[in-house]
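Enquirer: Let me begin by handing over the structure; questions about it come next.
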Amino acid sequence: MLLFNSFIFCGFICMISQIVLDNTKLTPGHITSILVVIGAFLDSFSIYDKIIKIVGGGAMVPITSFGHSLAHGALLKTNQYGLVGILMGMFDLTASGITAAIIFSFIFTLIFKPKN
Amino acid sequence: MKYIVNTNTGDYMKNYKYETIADKYGPDEHRGMNAIISFLVGGLIGLLGEGIIELICHFTNISRTDASTFMIIILIFIASLCTALGFFDKLVTKFKCGILIPITGFAHSMTSSALEYKNEGFIYGIGANIFKLAGSVILYGVVSAWFFALIRFLLGGI
């Protein structure tokens with residue numbers, strides 16, 4: 001059931017952004033930034049956590065989960081350190097993704113040549 | 001001998017020609033089709049993500065939250081490799097948002113901008129340009145996450 005929910009949720013987000021891309025002058029860069037902001041907003045009132053419970057891995061795949069992880073890590077640290085915890089925990093959950101993206105893209109850039 | 005052009009008709013011809021040529025070679029407007037393709041491809045990537053999580057949980061003793069981290073790393077690896085091999089751009093023209101909105105698009109933007117500026121050297125080429133597109137995602141993500149987390153904290157915490 002989680003597999004089906006993942007398919008529907010992830011496909012739905014992609015479809016909405018494709019419709020927005022086709023009918024407005026926004027570029028893919030605008031849309032990904034907007035989706036990250038929406039993800040951070042949904043996490044701030046724990047809505048995204050409920051979505052993850054229902055949908056499973058499909059909610060972790062779209063770029064909205066990046067904003068969710070940023071806000072979620074920041075909020076978790078506030079339990080321990082108060083207001084400063086927002087600054088300390090910001091990259092806690094997304095560190096693996098960002099580091100992996102940096103390392104892999106740097107290694108592949110060194111190995112491969114650009115193609116047109 | 002001087003060559004005299006009637007600017008009005010010249011402009012008219014220019015516009016007319018431009019429009020017909022643009023119509024001929026411009027992108028096909030199949031908005032409904034684009035939406036369906038994005039839905040299917042994005043859905044398949046979400047399905048793949050959930051499938052990877054369930055496979056990892058099934059064969060190892062790793063918890064579900066850790067498995068989702070591994071899943072994201074695997075997807076980023078695949079997307080970076082496809083971009084470096086050069087066929088991710090063809091997939092983007094076919095599948096559009098279906099492949100740009102998942103985390104694969106984030107990895108693609110970093111690898112492609114790093115590869116594009118590789119010739120300009122390590123510092124001002126790769127180093128300065130690797131975050132060219134991903135930088136906006138990180139910037140607005142961090143600023144909005146800070147803002148919303150602050151509001152949540154001031155309203156009474158988690």
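Residue numbers start at 1 in each chain; chains themselves are named A, B, ... in the order of the structure tokens; ligands are numbered from 1 in the order shown.
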Show which residues sit within 6 Å of stretch 33-40 of chain B, as a ChimeraX atom specification. Count only C-alpha atoms, and ignore same-chain residues fewer than 6 positions away.
Expert: /A:11-12,14-15,18 /B:95,97-98
Enquirer: Run DSSP on the backbone and grab whatever in stretch 57-95 of chain A lands in helix (DSSP H, G or I); send it over as a PDB file with N, CA and C atoms, in the first residue's frame.
Expert:
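Saved file out17.pdb follows:
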ATOM      1  N   GLY A  57       8.196   6.301   1.725  1.00  0.00           N
ATOM      2  CA  GLY A  57       9.369   6.808   1.014  1.00  0.00           C
ATOM      3  C   GLY A  57       9.044   7.779  -0.104  1.00  0.00           C
ATOM      4  N   GLY A  58       7.822   7.696  -0.646  1.00  0.00           N
ATOM      5  CA  GLY A  58       7.460   8.599  -1.726  1.00  0.00           C
ATOM      6  C   GLY A  58       7.494  10.055  -1.310  1.00  0.00           C
ATOM      7  N   ALA A  59       7.305  10.340  -0.012  1.00  0.00           N
ATOM      8  CA  ALA A  59       7.359  11.716   0.468  1.00  0.00           C
ATOM      9  C   ALA A  59       8.787  12.191   0.693  1.00  0.00           C
ATOM     10  N   THR A  64      10.513  18.737  -1.870  1.00  0.00           N
ATOM     11  CA  THR A  64       9.853  19.274  -0.678  1.00  0.00           C
ATOM     12  C   THR A  64      10.425  18.677   0.601  1.00  0.00           C
ATOM     13  N   SER A  65      10.907  17.411   0.519  1.00  0.00           N
ATOM     14  CA  SER A  65      11.432  16.767   1.723  1.00  0.00           C
ATOM     15  C   SER A  65      12.730  17.432   2.176  1.00  0.00           C
ATOM     16  N   PHE A  66      13.411  18.135   1.242  1.00  0.00           N
ATOM     17  CA  PHE A  66      14.620  18.867   1.617  1.00  0.00           C
ATOM     18  C   PHE A  66      14.268  19.988   2.600  1.00  0.00           C
ATOM     19  N   GLY A  67      13.242  20.768   2.266  1.00  0.00           N
ATOM     20  CA  GLY A  67      12.806  21.819   3.174  1.00  0.00           C
ATOM     21  C   GLY A  67      12.294  21.257   4.481  1.00  0.00           C
ATOM     22  N   HIS A  68      11.574  20.128   4.380  1.00  0.00           N
ATOM     23  CA  HIS A  68      11.060  19.457   5.580  1.00  0.00           C
ATOM     24  C   HIS A  68      12.209  19.053   6.499  1.00  0.00           C
ATOM     25  N   SER A  69      13.278  18.434   5.940  1.00  0.00           N
ATOM     26  CA  SER A  69      14.384  17.967   6.787  1.00  0.00           C
ATOM     27  C   SER A  69      15.122  19.133   7.419  1.00  0.00           C
ATOM     28  N   LEU A  70      15.267  20.240   6.671  1.00  0.00           N
ATOM     29  CA  LEU A  70      15.926  21.418   7.240  1.00  0.00           C
ATOM     30  C   LEU A  70      15.178  21.895   8.482  1.00  0.00           C
ATOM     31  N   ALA A  71      13.858  22.109   8.314  1.00  0.00           N
ATOM     32  CA  ALA A  71      13.073  22.646   9.426  1.00  0.00           C
ATOM     33  C   ALA A  71      12.956  21.634  10.562  1.00  0.00           C
ATOM     34  N   HIS A  72      12.850  20.334  10.195  1.00  0.00           N
ATOM     35  CA  HIS A  72      12.667  19.304  11.209  1.00  0.00           C
ATOM     36  C   HIS A  72      13.905  19.176  12.098  1.00  0.00           C
ATOM     37  N   GLY A  73      15.105  19.161  11.459  1.00  0.00           N
ATOM     38  CA  GLY A  73      16.339  19.080  12.241  1.00  0.00           C
ATOM     39  C   GLY A  73      16.495  20.283  13.156  1.00  0.00           C
ATOM     40  N   ALA A  74      16.141  21.478  12.629  1.00  0.00           N
ATOM     41  CA  ALA A  74      16.247  22.691  13.435  1.00  0.00           C
ATOM     42  C   ALA A  74      15.328  22.614  14.645  1.00  0.00           C
ATOM     43  N   LEU A  75      14.085  22.116  14.431  1.00  0.00           N
ATOM     44  CA  LEU A  75      13.129  22.053  15.539  1.00  0.00           C
ATOM     45  C   LEU A  75      13.521  21.014  16.584  1.00  0.00           C
ATOM     46  N   LEU A  76      14.133  19.900  16.123  1.00  0.00           N
ATOM     47  CA  LEU A  76      14.539  18.869  17.079  1.00  0.00           C
ATOM     48  C   LEU A  76      15.591  19.395  18.046  1.00  0.00           C
ATOM     49  N   LYS A  77      16.506  20.239  17.533  1.00  0.00           N
ATOM     50  CA  LYS A  77      17.575  20.742  18.396  1.00  0.00           C
ATOM     51  C   LYS A  77      17.069  21.760  19.402  1.00  0.00           C
ATOM     52  N   THR A  78      15.928  22.399  19.103  1.00  0.00           N
ATOM     53  CA  THR A  78      15.430  23.408  20.033  1.00  0.00           C
ATOM     54  C   THR A  78      15.018  22.780  21.361  1.00  0.00           C
ATOM     55  N   ASN A  79      14.727  21.462  21.372  1.00  0.00           N
ATOM     56  CA  ASN A  79      14.401  20.795  22.634  1.00  0.00           C
ATOM     57  C   ASN A  79      15.536  20.922  23.634  1.00  0.00           C
ATOM     58  N   GLN A  80      16.761  20.794  23.113  1.00  0.00           N
ATOM     59  CA  GLN A  80      17.932  20.745  23.973  1.00  0.00           C
ATOM     60  C   GLN A  80      18.518  22.127  24.223  1.00  0.00           C
ATOM     61  N   TYR A  81      18.628  22.938  23.153  1.00  0.00           N
ATOM     62  CA  TYR A  81      19.410  24.165  23.250  1.00  0.00           C
ATOM     63  C   TYR A  81      18.576  25.437  23.146  1.00  0.00           C
ATOM     64  N   GLY A  82      17.253  25.327  23.025  1.00  0.00           N
ATOM     65  CA  GLY A  82      16.439  26.527  22.929  1.00  0.00           C
ATOM     66  C   GLY A  82      16.604  27.215  21.591  1.00  0.00           C
ATOM     67  N   LEU A  83      16.608  28.537  21.623  1.00  0.00           N
ATOM     68  CA  LEU A  83      16.574  29.328  20.394  1.00  0.00           C
ATOM     69  C   LEU A  83      17.789  29.084  19.513  1.00  0.00           C
ATOM     70  N   VAL A  84      18.970  28.871  20.144  1.00  0.00           N
ATOM     71  CA  VAL A  84      20.193  28.664  19.358  1.00  0.00           C
ATOM     72  C   VAL A  84      20.138  27.333  18.620  1.00  0.00           C
ATOM     73  N   GLY A  85      19.311  26.397  19.107  1.00  0.00           N
ATOM     74  CA  GLY A  85      19.187  25.092  18.472  1.00  0.00           C
ATOM     75  C   GLY A  85      18.751  25.181  17.024  1.00  0.00           C
ATOM     76  N   ILE A  86      17.986  26.232  16.657  1.00  0.00           N
ATOM     77  CA  ILE A  86      17.566  26.389  15.260  1.00  0.00           C
ATOM     78  C   ILE A  86      18.789  26.503  14.362  1.00  0.00           C
ATOM     79  N   LEU A  87      19.804  27.258  14.834  1.00  0.00           N
ATOM     80  CA  LEU A  87      21.013  27.419  14.026  1.00  0.00           C
ATOM     81  C   LEU A  87      21.863  26.156  14.059  1.00  0.00           C
ATOM     82  N   MET A  88      21.859  25.446  15.205  1.00  0.00           N
ATOM     83  CA  MET A  88      22.734  24.279  15.334  1.00  0.00           C
ATOM     84  C   MET A  88      22.224  23.081  14.558  1.00  0.00           C
ATOM     85  N   ALA A  95      22.403  16.712   5.979  1.00  0.00           N
ATOM     86  CA  ALA A  95      23.855  16.695   5.779  1.00  0.00           C
ATOM     87  C   ALA A  95      24.260  15.568   4.840  1.00  0.00           C
TER      88      ALA A  95
END
Enquirer: Using only C-alpha atoms, find which residues of chain B lie within 8 Å of chain A and jot them down as a count of residues only.
Expert: 60
Enquirer: So how many Å separate atom CA of A:Asp92 and atom CA of B:Phe70, to one decimal?
Expert: 15.1 Å
